[in-house]
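Here is start_35.txt, consisting of compact mmCIF, C-alpha atoms and all ligand atoms:
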# COMPACT_ATOMS: atom_id res chain seq x y z
CA MET A 1030 40.41 53.91 144.28
CA VAL A 1031 39.47 53.53 147.92
CA LYS A 1032 38.88 50.39 149.95
CA VAL A 1033 35.71 50.47 152.00
CA MET A 1034 34.37 47.75 154.25
CA ALA A 1035 30.68 46.97 154.85
CA VAL A 1036 30.05 45.29 158.20
CA ASN A 1037 27.03 43.61 159.72
CA ALA A 1038 27.66 42.69 163.35
CA GLY A 1039 25.17 40.41 165.10
CA SER A 1040 25.23 39.24 168.69
CA SER A 1041 27.45 36.26 167.86
CA SER A 1042 28.45 36.96 164.27
CA LEU A 1043 30.27 39.47 162.13
CA LYS A 1044 29.77 39.57 158.37
CA PHE A 1045 32.04 41.69 156.24
CA LYS A 1046 32.61 42.64 152.62
CA LEU A 1047 35.47 44.71 151.30
CA TYR A 1048 34.86 46.91 148.26
CA GLU A 1049 37.03 48.94 146.00
CA MET A 1050 35.14 52.17 145.52
CA PRO A 1051 33.78 53.86 143.49
CA GLU A 1052 34.02 50.82 141.17
CA GLU A 1053 32.04 48.73 143.70
CA LYS A 1054 34.36 45.81 143.04
CA VAL A 1055 34.10 43.16 145.77
CA LEU A 1056 37.61 42.25 146.95
CA CYS A 1057 36.58 39.78 149.62
CA SER A 1058 33.72 38.77 151.86
CA GLY A 1059 33.36 36.61 154.91
CA ASN A 1060 31.81 35.82 158.20
CA ALA A 1061 32.78 35.06 161.77
CA GLU A 1062 30.11 32.90 163.42
CA ARG A 1063 29.62 31.59 166.95
CA ILE A 1064 31.65 34.46 168.44
CA GLY A 1065 32.09 33.80 172.15
CA HIS A 1066 32.84 30.09 171.61
CA GLU A 1067 35.99 27.97 171.51
CA ASP A 1068 34.74 26.37 168.31
CA ALA A 1069 33.78 29.50 166.40
CA ILE A 1070 33.89 29.56 162.61
CA PHE A 1071 35.78 32.02 160.44
CA GLY A 1072 35.27 32.02 156.69
CA ILE A 1073 36.62 34.28 153.96
CA LYS A 1074 36.19 34.33 150.17
CA TRP A 1075 38.49 36.25 147.87
CA ALA A 1076 39.26 36.10 144.14
CA ASP A 1077 38.28 32.51 143.26
CA GLN A 1078 39.31 31.12 146.60
CA SER A 1079 37.75 30.48 149.95
CA GLU A 1080 38.86 29.31 153.38
CA LYS A 1081 37.00 28.20 156.47
CA LYS A 1082 38.48 27.52 159.91
CA ILE A 1083 37.16 26.43 163.27
CA LEU A 1084 38.97 28.23 166.08
CA PRO A 1085 38.30 30.10 169.31
CA ILE A 1086 36.86 33.59 168.77
CA LEU A 1087 35.98 34.83 172.20
CA ASP A 1088 34.85 38.34 171.32
CA HIS A 1089 34.18 40.68 168.42
CA ALA A 1090 37.58 42.38 168.75
CA ARG A 1091 39.23 39.00 168.08
CA ALA A 1092 36.93 38.53 165.08
CA VAL A 1093 38.06 41.90 163.69
CA GLU A 1094 41.71 40.92 164.27
CA LEU A 1095 41.09 37.75 162.26
CA VAL A 1096 39.49 39.73 159.43
CA VAL A 1097 42.50 42.07 159.31
CA GLN A 1098 44.99 39.22 159.57
CA ALA A 1099 43.31 37.22 156.81
CA MET A 1100 43.23 40.21 154.45
CA LEU A 1101 46.94 40.80 154.95
CA GLU A 1102 47.87 37.11 154.67
CA LYS A 1103 45.91 36.61 151.46
CA GLY A 1104 47.35 39.78 149.96
CA ILE A 1105 43.87 41.33 149.65
CA VAL A 1106 45.41 44.47 151.17
CA LYS A 1107 49.12 45.22 151.55
CA ASN A 1108 48.65 47.14 154.77
CA MET A 1109 45.62 48.08 156.78
CA ASN A 1110 45.99 51.79 156.02
CA GLU A 1111 44.52 50.95 152.63
CA ILE A 1112 41.12 50.57 154.31
CA LYS A 1113 39.81 54.08 154.55
CA ALA A 1114 36.29 53.62 155.85
CA VAL A 1115 34.05 51.08 157.52
CA GLY A 1116 30.25 51.17 157.22
CA HIS A 1117 28.22 49.48 159.92
CA ARG A 1118 24.69 48.21 159.44
CA ILE A 1119 22.52 49.47 162.32
CA VAL A 1120 19.04 47.96 162.61
CA GLN A 1121 17.38 50.67 164.67
CA GLY A 1122 17.98 54.38 164.15
CA GLY A 1123 14.73 55.42 165.80
CA LYS A 1124 13.48 58.94 165.13
CA TYR A 1125 17.02 60.33 165.07
CA PHE A 1126 18.40 59.18 161.75
CA SER A 1127 16.85 59.73 158.34
CA HIS A 1128 20.15 59.04 156.57
CA SER A 1129 23.53 57.48 157.29
CA GLU A 1130 25.74 59.25 159.79
CA LEU A 1131 29.38 59.46 160.75
CA PHE A 1132 30.12 57.54 163.92
CA ASN A 1133 30.92 60.05 166.66
CA LYS A 1134 30.02 60.29 170.33
CA ASP A 1135 26.53 61.63 169.57
CA THR A 1136 25.79 58.85 167.05
CA GLU A 1137 27.09 56.24 169.46
CA ASP A 1138 25.00 57.61 172.33
CA LYS A 1139 21.84 57.69 170.23
CA ILE A 1140 22.35 54.10 169.01
CA GLU A 1141 22.91 53.08 172.60
CA SER A 1142 19.74 54.86 173.74
CA LEU A 1143 17.80 52.87 171.12
CA ILE A 1144 18.85 49.48 172.52
CA PRO A 1145 15.43 48.95 174.18
CA LEU A 1146 13.86 49.10 170.69
CA ALA A 1147 16.25 46.53 169.21
CA PRO A 1148 17.94 44.80 172.15
CA LEU A 1149 19.85 42.11 170.29
CA HIS A 1150 20.75 44.11 167.23
CA ASN A 1151 21.82 47.59 168.36
CA LYS A 1152 23.86 46.23 171.21
CA ALA A 1153 25.73 43.91 168.85
CA HIS A 1154 26.28 46.67 166.28
CA LEU A 1155 27.94 48.81 168.94
CA VAL A 1156 30.13 45.92 170.02
CA GLY A 1157 31.13 45.51 166.34
CA PHE A 1158 31.84 49.22 165.92
CA ARG A 1159 33.95 49.37 169.09
CA ALA A 1160 35.90 46.31 168.01
CA PHE A 1161 36.77 47.97 164.69
CA LYS A 1162 37.67 51.21 166.43
CA LYS A 1163 40.06 49.31 168.68
CA ILE A 1164 41.82 47.49 165.85
CA LEU A 1165 41.60 50.24 163.20
CA PRO A 1166 41.52 53.47 165.22
CA ASP A 1167 42.05 55.87 162.32
CA VAL A 1168 39.41 54.84 159.80
CA VAL A 1169 36.19 56.69 159.11
CA ASN A 1170 33.26 54.76 160.63
CA VAL A 1171 29.77 55.30 159.27
CA ALA A 1172 26.44 54.09 160.66
CA VAL A 1173 23.93 52.96 158.01
CA PHE A 1174 20.46 52.52 159.44
CA ASP A 1175 17.82 49.97 158.42
CA THR A 1176 15.14 52.41 159.52
CA ALA A 1177 16.46 55.57 157.81
CA PHE A 1178 14.70 55.08 154.48
CA HIS A 1179 11.33 54.83 156.25
CA GLN A 1180 11.66 58.18 158.01
CA THR A 1181 9.79 59.90 155.17
CA MET A 1182 6.48 58.30 156.26
CA GLU A 1183 3.72 60.69 157.30
CA PRO A 1184 2.37 60.50 160.87
CA GLN A 1185 -0.82 58.76 159.72
CA ASP A 1186 1.41 56.01 158.35
CA TYR A 1187 3.63 55.60 161.37
CA VAL A 1188 1.58 56.54 164.46
CA PHE A 1189 -0.12 53.65 166.26
CA PRO A 1190 -3.62 54.30 167.58
CA ILE A 1191 -2.51 54.07 171.22
CA PRO A 1192 -2.69 56.89 173.79
CA TYR A 1193 -0.64 59.66 172.21
CA GLU A 1194 1.24 60.09 175.44
CA TYR A 1195 2.96 56.75 174.74
CA THR A 1196 3.87 57.78 171.21
CA GLU A 1197 5.51 60.91 172.56
CA LYS A 1198 6.98 59.67 175.79
CA TYR A 1199 8.28 56.29 174.63
CA ASP A 1200 8.69 56.94 170.89
CA CYS A 1201 6.40 53.96 170.35
CA ARG A 1202 5.63 54.09 166.61
CA ARG A 1203 6.28 52.33 163.33
CA TYR A 1204 9.93 52.48 162.25
CA GLY A 1205 10.01 49.64 159.72
CA ALA A 1206 13.16 47.73 158.76
CA HIS A 1207 15.04 46.46 155.67
CA GLY A 1208 15.18 50.13 154.64
CA THR A 1209 18.60 49.79 153.02
CA SER A 1210 17.27 46.97 150.87
CA HIS A 1211 14.05 48.80 149.91
CA LYS A 1212 16.05 51.89 148.98
CA TYR A 1213 18.36 49.82 146.79
CA LEU A 1214 15.39 48.11 145.12
CA SER A 1215 13.60 51.39 144.47
CA GLU A 1216 16.71 52.83 142.81
CA MET A 1217 17.33 49.70 140.74
CA GLY A 1218 13.66 49.54 139.76
CA LEU A 1219 13.74 52.95 138.09
CA LYS A 1220 15.26 51.49 134.94
CA TYR A 1221 11.89 49.84 134.24
CA LEU A 1222 9.99 53.09 134.72
CA GLU A 1223 11.56 55.47 132.25
CA GLY A 1224 9.18 58.24 131.22
CA ILE A 1225 7.00 57.87 134.32
CA LYS A 1226 6.94 61.21 136.13
CA HIS A 1227 6.08 60.02 139.62
CA PRO A 1228 7.09 56.35 139.86
CA ARG A 1229 5.09 54.21 142.30
CA ILE A 1230 6.84 51.06 143.46
CA ILE A 1231 5.80 48.26 145.79
CA SER A 1232 8.95 46.43 146.89
CA CYS A 1233 8.60 42.99 148.45
CA HIS A 1234 11.69 41.96 150.43
CA ILE A 1235 10.69 38.38 151.16
CA GLY A 1236 13.28 36.31 152.95
CA SER A 1237 13.26 34.64 156.35
CA GLY A 1238 12.45 38.16 157.56
CA ALA A 1239 10.01 39.83 155.20
CA SER A 1240 8.66 43.31 154.60
CA ILE A 1241 6.80 45.24 151.94
CA THR A 1242 7.26 48.93 151.24
CA ALA A 1243 5.29 51.50 149.23
CA ILE A 1244 7.59 53.98 147.50
CA LYS A 1245 6.59 57.14 145.64
CA ASP A 1246 9.09 59.40 143.87
CA GLY A 1247 11.91 57.44 145.50
CA ALA A 1248 10.67 57.97 149.07
CA CYS A 1249 9.03 55.48 151.41
CA VAL A 1250 5.39 56.33 152.15
CA ALA A 1251 4.46 53.14 154.03
CA THR A 1252 6.11 49.95 155.19
CA SER A 1253 4.83 46.75 156.72
CA MET A 1254 7.21 46.19 159.65
CA GLY A 1255 6.30 48.10 162.77
CA LEU A 1256 7.97 49.16 166.00
CA THR A 1257 10.24 46.15 165.46
CA PRO A 1258 10.72 43.60 162.66
CA LEU A 1259 7.96 41.47 164.20
CA GLY A 1260 5.18 43.42 162.45
CA GLY A 1261 3.77 43.21 158.94
CA ILE A 1262 3.52 40.05 156.86
CA MET A 1263 4.03 36.56 158.22
CA MET A 1264 7.66 35.37 158.13
CA GLY A 1265 9.84 32.30 158.70
CA THR A 1266 9.38 32.33 162.46
CA ARG A 1267 7.60 35.64 163.12
CA THR A 1268 3.89 36.24 163.27
CA GLY A 1269 3.67 39.56 161.46
CA ASP A 1270 0.60 41.61 162.35
CA LEU A 1271 -1.77 40.15 164.95
CA ASP A 1272 -4.80 41.31 166.84
CA PRO A 1273 -3.03 42.64 169.98
CA SER A 1274 -5.45 40.76 172.22
CA VAL A 1275 -3.89 37.48 171.03
CA MET A 1276 -1.00 38.22 173.42
CA ASN A 1277 -3.26 38.70 176.42
CA TYR A 1278 -5.49 35.73 175.60
CA LEU A 1279 -2.66 33.26 174.99
CA CYS A 1280 -0.77 34.33 178.12
CA LYS A 1281 -3.92 33.57 180.12
CA CYS A 1282 -4.51 30.25 178.33
CA THR A 1283 -0.94 28.98 178.64
CA GLY A 1284 0.23 30.62 181.86
CA LYS A 1285 3.25 31.95 179.96
CA SER A 1286 4.60 35.41 180.62
CA VAL A 1287 4.39 38.26 178.12
CA GLU A 1288 8.14 37.90 177.51
CA GLU A 1289 7.83 34.16 176.84
CA MET A 1290 4.95 34.70 174.43
CA TYR A 1291 6.83 37.53 172.74
CA GLN A 1292 9.70 35.10 172.11
CA ILE A 1293 7.22 32.58 170.68
CA PHE A 1294 5.78 35.25 168.36
CA ASN A 1295 9.33 36.05 167.21
CA LYS A 1296 10.93 32.61 167.05
CA GLN A 1297 8.30 29.88 166.83
CA SER A 1298 5.53 31.36 164.72
CA GLY A 1299 5.15 32.16 161.02
CA PHE A 1300 5.96 29.27 158.66
CA GLN A 1301 7.44 27.33 161.55
CA GLY A 1302 4.44 27.75 163.81
CA VAL A 1303 1.64 27.13 161.33
CA SER A 1304 3.23 24.36 159.26
CA GLU A 1305 4.95 22.62 162.18
CA VAL A 1306 7.41 21.57 159.46
CA SER A 1307 10.08 24.25 159.20
CA ASN A 1308 10.83 27.94 159.14
CA ASP A 1309 12.36 27.50 155.70
CA SER A 1310 9.93 28.02 152.86
CA ARG A 1311 11.72 25.38 150.77
CA ASP A 1312 10.80 22.70 153.32
CA VAL A 1313 7.27 24.05 153.63
CA LEU A 1314 6.74 24.05 149.86
CA LYS A 1315 8.10 20.50 149.64
CA ALA A 1316 5.67 19.44 152.37
CA CYS A 1317 2.87 21.17 150.42
CA ASP A 1318 3.71 18.99 147.41
CA GLU A 1319 3.50 15.93 149.67
CA GLY A 1320 0.00 16.95 150.74
CA ASN A 1321 0.80 18.16 154.27
CA GLU A 1322 -2.28 20.18 155.18
CA LYS A 1323 -0.66 22.44 157.74
CA ALA A 1324 2.10 23.29 155.27
CA ILE A 1325 -0.54 24.06 152.63
CA LEU A 1326 -2.33 26.34 155.09
CA ALA A 1327 0.92 28.06 156.09
CA ASN A 1328 1.71 28.77 152.45
CA LYS A 1329 -1.81 30.04 151.74
CA LEU A 1330 -1.59 32.34 154.76
CA PHE A 1331 1.77 33.67 153.59
CA ILE A 1332 0.54 34.40 150.07
CA ARG A 1333 -2.65 36.02 151.43
CA ARG A 1334 -0.71 38.33 153.71
CA ILE A 1335 1.57 39.46 150.89
CA ALA A 1336 -1.35 39.98 148.50
CA ASP A 1337 -3.25 41.97 151.14
CA TYR A 1338 -0.31 44.30 151.70
CA ILE A 1339 0.18 44.81 147.97
CA GLY A 1340 -3.51 45.70 147.70
CA GLN A 1341 -3.25 48.09 150.62
CA TYR A 1342 -0.20 49.80 149.15
CA TYR A 1343 -1.77 49.98 145.70
CA VAL A 1344 -4.44 52.14 147.30
CA ARG A 1345 -1.92 54.06 149.40
CA LEU A 1346 0.10 54.94 146.29
CA GLY A 1347 -2.94 55.70 144.14
CA GLY A 1348 -1.90 52.84 141.82
CA ALA A 1349 1.41 51.16 141.14
CA ASP A 1350 3.89 51.05 138.27
CA LEU A 1351 6.21 48.31 139.48
CA ILE A 1352 6.12 45.41 141.93
CA ILE A 1353 9.56 44.08 142.90
CA PHE A 1354 10.29 40.63 144.35
CA SER A 1355 13.54 40.28 146.27
CA ALA A 1356 15.47 38.45 149.05
CA GLY A 1357 15.73 34.68 149.61
CA ILE A 1358 12.15 33.72 148.76
CA GLY A 1359 11.37 36.60 146.39
CA GLU A 1360 14.49 35.93 144.30
CA ASN A 1361 14.40 32.13 144.35
CA SER A 1362 10.87 30.84 144.70
CA ALA A 1363 9.07 30.93 141.35
CA ARG A 1364 6.06 29.32 143.00
CA THR A 1365 5.70 32.07 145.61
CA ARG A 1366 5.99 34.79 142.96
CA GLU A 1367 3.44 33.06 140.75
CA GLU A 1368 0.98 32.52 143.59
CA VAL A 1369 1.26 36.15 144.78
CA CYS A 1370 0.72 37.44 141.23
CA GLU A 1371 -2.23 35.08 140.81
CA ALA A 1372 -3.78 36.39 144.03
CA ILE A 1373 -3.63 40.02 142.89
CA SER A 1374 -4.23 39.52 139.16
CA GLU A 1375 -8.00 39.91 139.12
CA ALA A 1376 -8.06 43.15 141.09
CA LEU A 1377 -4.89 44.75 139.80
CA GLY A 1378 -4.57 43.36 136.26
CA VAL A 1379 -1.12 41.89 136.95
CA LYS A 1380 0.09 39.34 134.40
CA ILE A 1381 3.43 37.56 134.34
CA ASN A 1382 5.16 35.28 131.87
CA LYS A 1383 4.87 32.04 133.85
CA GLU A 1384 7.45 30.17 131.79
CA LEU A 1385 10.02 32.89 132.27
CA ASN A 1386 9.15 33.11 135.96
CA SER A 1387 9.66 29.40 136.55
CA SER A 1388 13.00 29.40 134.73
CA ILE A 1389 14.55 32.22 136.79
CA ARG A 1390 16.31 32.02 140.14
CA GLY A 1391 18.35 34.67 141.88
CA LYS A 1392 18.70 36.84 138.79
CA GLU A 1393 17.20 40.13 137.76
CA ALA A 1394 14.33 39.83 135.26
CA LEU A 1395 11.20 41.61 134.14
CA LEU A 1396 8.44 39.03 134.58
CA SER A 1397 5.35 40.97 133.55
CA THR A 1398 3.83 40.64 130.09
CA ASN A 1399 3.28 43.70 127.87
CA ASP A 1400 -0.43 43.79 128.70
CA SER A 1401 0.09 43.65 132.48
CA LYS A 1402 -1.27 46.78 134.18
CA ILE A 1403 1.70 46.81 136.59
CA LYS A 1404 5.24 45.78 135.76
CA VAL A 1405 6.64 42.96 137.88
CA ALA A 1406 10.38 42.36 138.31
CA ILE A 1407 12.80 40.24 140.29
CA ILE A 1408 15.68 42.35 141.56
CA PRO A 1409 18.27 40.64 143.78
CA THR A 1410 18.89 42.91 146.74
CA ASP A 1411 22.32 44.16 147.80
CA GLU A 1412 22.37 45.84 151.18
CA GLU A 1413 26.16 45.70 151.46
CA VAL A 1414 26.78 47.75 148.35
CA MET A 1415 24.41 50.40 149.71
CA ILE A 1416 26.41 50.46 152.95
CA ALA A 1417 29.63 50.79 150.94
CA ARG A 1418 28.17 53.60 148.80
CA ASP A 1419 26.97 55.62 151.78
CA THR A 1420 30.23 55.03 153.64
CA PHE A 1421 32.29 56.05 150.63
CA SER A 1422 30.25 59.26 150.31
CA PHE A 1423 31.39 60.26 153.80
CA TYR A 1424 35.02 59.49 153.03
CA LYS A 1425 34.98 61.58 149.81
P1 LIG B 1501 17.06 35.56 153.31
O1 LIG B 1501 16.60 35.82 154.71
O2 LIG B 1501 16.75 36.69 152.37
O3 LIG B 1501 18.47 35.07 153.20
O4 LIG B 1501 16.16 34.36 152.79
C1 LIG B 1501 16.31 33.07 153.30
C2 LIG B 1501 15.11 32.24 152.96
O5 LIG B 1501 14.91 32.17 151.55
C3 LIG B 1501 15.26 30.79 153.38
O6 LIG B 1501 14.89 30.61 154.71
C4 LIG B 1501 14.30 30.12 152.46
O7 LIG B 1501 13.05 30.08 153.11
C5 LIG B 1501 14.16 31.02 151.27
N1 LIG B 1501 14.61 30.38 150.01
C6 LIG B 1501 15.84 30.33 149.51
N2 LIG B 1501 15.83 29.65 148.34
C7 LIG B 1501 14.55 29.28 148.11
C8 LIG B 1501 13.88 28.55 147.08
N3 LIG B 1501 14.53 28.06 146.01
N4 LIG B 1501 12.55 28.34 147.21
C9 LIG B 1501 11.89 28.80 148.26
N5 LIG B 1501 12.45 29.50 149.25
C10 LIG B 1501 13.76 29.74 149.18

File written out as structure tokens:
Amino acid sequence: MVKVMAVNAGSSSLKFKLYEMPEEKVLCSGNAERIGHEDAIFGIKWADQSEKKILPILDHARAVELVVQAMLEKGIVKNMNEIKAVGHRIVQGGKYFSHSELFNKDTEDKIESLIPLAPLHNKAHLVGFRAFKKILPDVVNVAVFDTAFHQTMEPQDYVFPIPYEYTEKYDCRRYGAHGTSHKYLSEMGLKYLEGIKHPRIISCHIGSGASITAIKDGACVATSMGLTPLGGIMMGTRTGDLDPSVMNYLCKCTGKSVEEMYQIFNKQSGFQGVSEVSNDSRDVLKACDEGNEKAILANKLFIRRIADYIGQYYVRLGGADLIIFSAGIGENSARTREEVCEAISEALGVKINKELNSSIRGKEALLSTNDSKIKVAIIPTDEEVMIARDTFSFYK
């Protein structure tokens, strides 16, 4: 039995989960938020207990110290040598990483060189990694990339139709994101596809960030997010795909800079922008029920974008055997699942058991009826366990 930690470091946060491997037993999980502030928050859950404190956490190294301290205090580990490996979620692995990699100088340098492609994320991941290295210098550190699963795409699926010089010189291409989640979903989905020789899966990771991936024989062939997680379907605050001239036109209309408009496309668009109600689909759906027309439009747009991508990937895969709904909205919103299935039912012959669908939240279930041409399932995603599995495989 080996203790392995999965870590997701953001610019001001650090989420962690400690596993006993290979059993995949969760020993504890927690989060440091508002790192850099006097009134930061540190929370930890273990066994049936939980604790939350407000205290100064001025940097990530302090956050790691708190994690270590809490684990010792609560008796989750007797000494820190019990933790043999730490897996770090890395959003952008660029063209370099098609699988997880041991953290060494080369890995660190490459992640650093990719900062321009994911400025907030990669920088924070490195800060997190360095903080762990400082506090736990002898453990195995592994980088698990959000983009790795999508590296199997063919050039016609990842090259943008821009001057090829830019593709080559600046590595400007589709990388996708949520790869760890899509990989998990595609593996979990196989149980519904026994006897199918070349399984074709469309996985819909629909949360506040959302992406759809086409998977054939366990490998990604296409994914909706692009150079960054801004592309693809509409999201909580992000536009998803747009005619590129929208940027130019709106900058001229508003006098805002490209950078300002880029921030608006990332942080004030999607559900938030169209509905003018909220970035949270729960609030938007509530406003729909109250007859708010902008909320109704936002929801229709969202469903249309998802349905369009499913249609596109149905063609890309030459059919589909399973559609998976996952993440915050996909796992919890029966209405969204029903409306998406309704939108694709005529063309693709998808049928779900509506009663079952409306009774299920956050749990795995097969929703499609026996006469549906494509199976439809809810599968709760688990990116952390994938990080722990990959990390453990390096330790072994
Ligand atoms: P995630 O990013 O995967 O954690 O998903 C978070 C999002 O899931 C929230 O912003 C909500 O929009 C959405 N969500 C969670 N529960 C529900 C629900 N019961 N109905 C609709 N949306 C939900």

Seminar exercise, completed: The distance between atom CA of Asp1077 of chain A and atom CA of Ala1061 of chain A is 19.5 Å

For this session: Enumerate residues in contact with ligand LIG 1501 (chain B): an atom-to-atom distance of at most 6 Å, counting only C-alpha atoms and all ligand atoms. Format the result as a count of residues only.
Result: 11

Problem set entry | Gap from atom CA of Lys1285 of chain A to atom CA of Glu1322 of chain A - Å, one decimal | 28.0 Å

Problem set entry | Among listed residues A:Phe1132, A:Tyr1338, A:Trp1075, A:Phe1423, nearest Thr1242 of chain A (using all atoms listed in the file) |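 Counting all atoms listed in the file, the residue closest to Thr1242 of chain A is A:Tyr1338.
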
Problem set entry | Shortest interatomic distance to Glu1360 of chain A - which of A:Leu1377, A:Leu1385, A:Ile1064, A:Ile1235, counting all atoms listed in the file |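 That would be A:Ile1235, the residue with the smallest distance to Glu1360 of chain A.
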
For this session: Name the residues in contact with Arg1063 of chain A at a cut-off of 12 Å, using only C-alpha atoms, excluding same-chain residues fewer than 3 positions from it; report them as an MDAnalysis selection string.
Result: chainID A and resid 1038:1044 1060 1066:1072 1083:1089 1092

For this session: Write out as a ChimeraX atom specification which residues come within 8 Å of segment 1183-1189 of chain A when counting all atoms listed in the file, dropping same-chain ones fewer than 6 positions away.
Result: /A:1196,1201-1204,1250-1251

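If all atoms listed in the file are the atoms counted, then among A:Val1106, A:Val1173, A:Val1120, A:Ile1381 the closest residue to His1150 of chain A is A:Val1120.
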
Exercise. Please, what distance in Å, to one decimal, runs between atom CA of Lys1103 of chain A and atom CA of Leu1056 of chain A?
Worked result: 11.0 Å

For this session: Identify, on the basis of only C-alpha atoms, every residue whose closest approach to segment 1389-1404 of chain A does not exceed 9 Å; exclude the query and any residue fewer than 6 positions from it along the same chain; express the result as a VMD selection string.
Result: chain A and resid 1221 to 1222 1348 to 1353 1355 to 1357 1359 to 1363 1374 1377 to 1383

For this session: For the point (8.6, 42.7, 160.7) in the file's frame, write as a ChimeraX atom specification all residues with an atom no more than 12 Å away, counting only C-alpha atoms.
Result: /A:1120,1175-1176,1203-1208,1234-1242,1252-1271,1294-1295,1299

For this session: Can you work out which one of A:Ile1144, A:Ile1105, A:Ile1073, A:Cys1249 has the shortest atom-to-atom distance to Gly1123 of chain A, counting all atoms listed in the file?
Result: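 Distance minimum relative to Gly1123 of chain A lands on A:Ile1144.
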
Problem set entry | Nearest candidate to Tyr1048 of chain A (options A:Glu1305, A:Asp1246, A:Glu1130, A:Glu1111; using all atoms listed in the file) |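 Among the listed residues, A:Glu1111 lies closest to Tyr1048 of chain A.
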
Exercise. Looking at A:Ser1298, A:Leu1047, A:Glu1371, A:Lys1245, which one is nearest to Gly1218 of chain A, with distances taken over only C-alpha atoms?
Worked result: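 Result for the nearest residue to Gly1218 of chain A: A:Lys1245.
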
Please determine an axis-aligned box that encloses all atoms of segment 1031-1044 of chain A listed in the file, with 3 Å added on each side, and express its centre and edge lengths in Å to one decimal as AutoDock Vina command-line options.
--center_x 32.3 --center_y 44.9 --center_z 158.3 --size_x 20.3 --size_y 23.3 --size_z 26.8
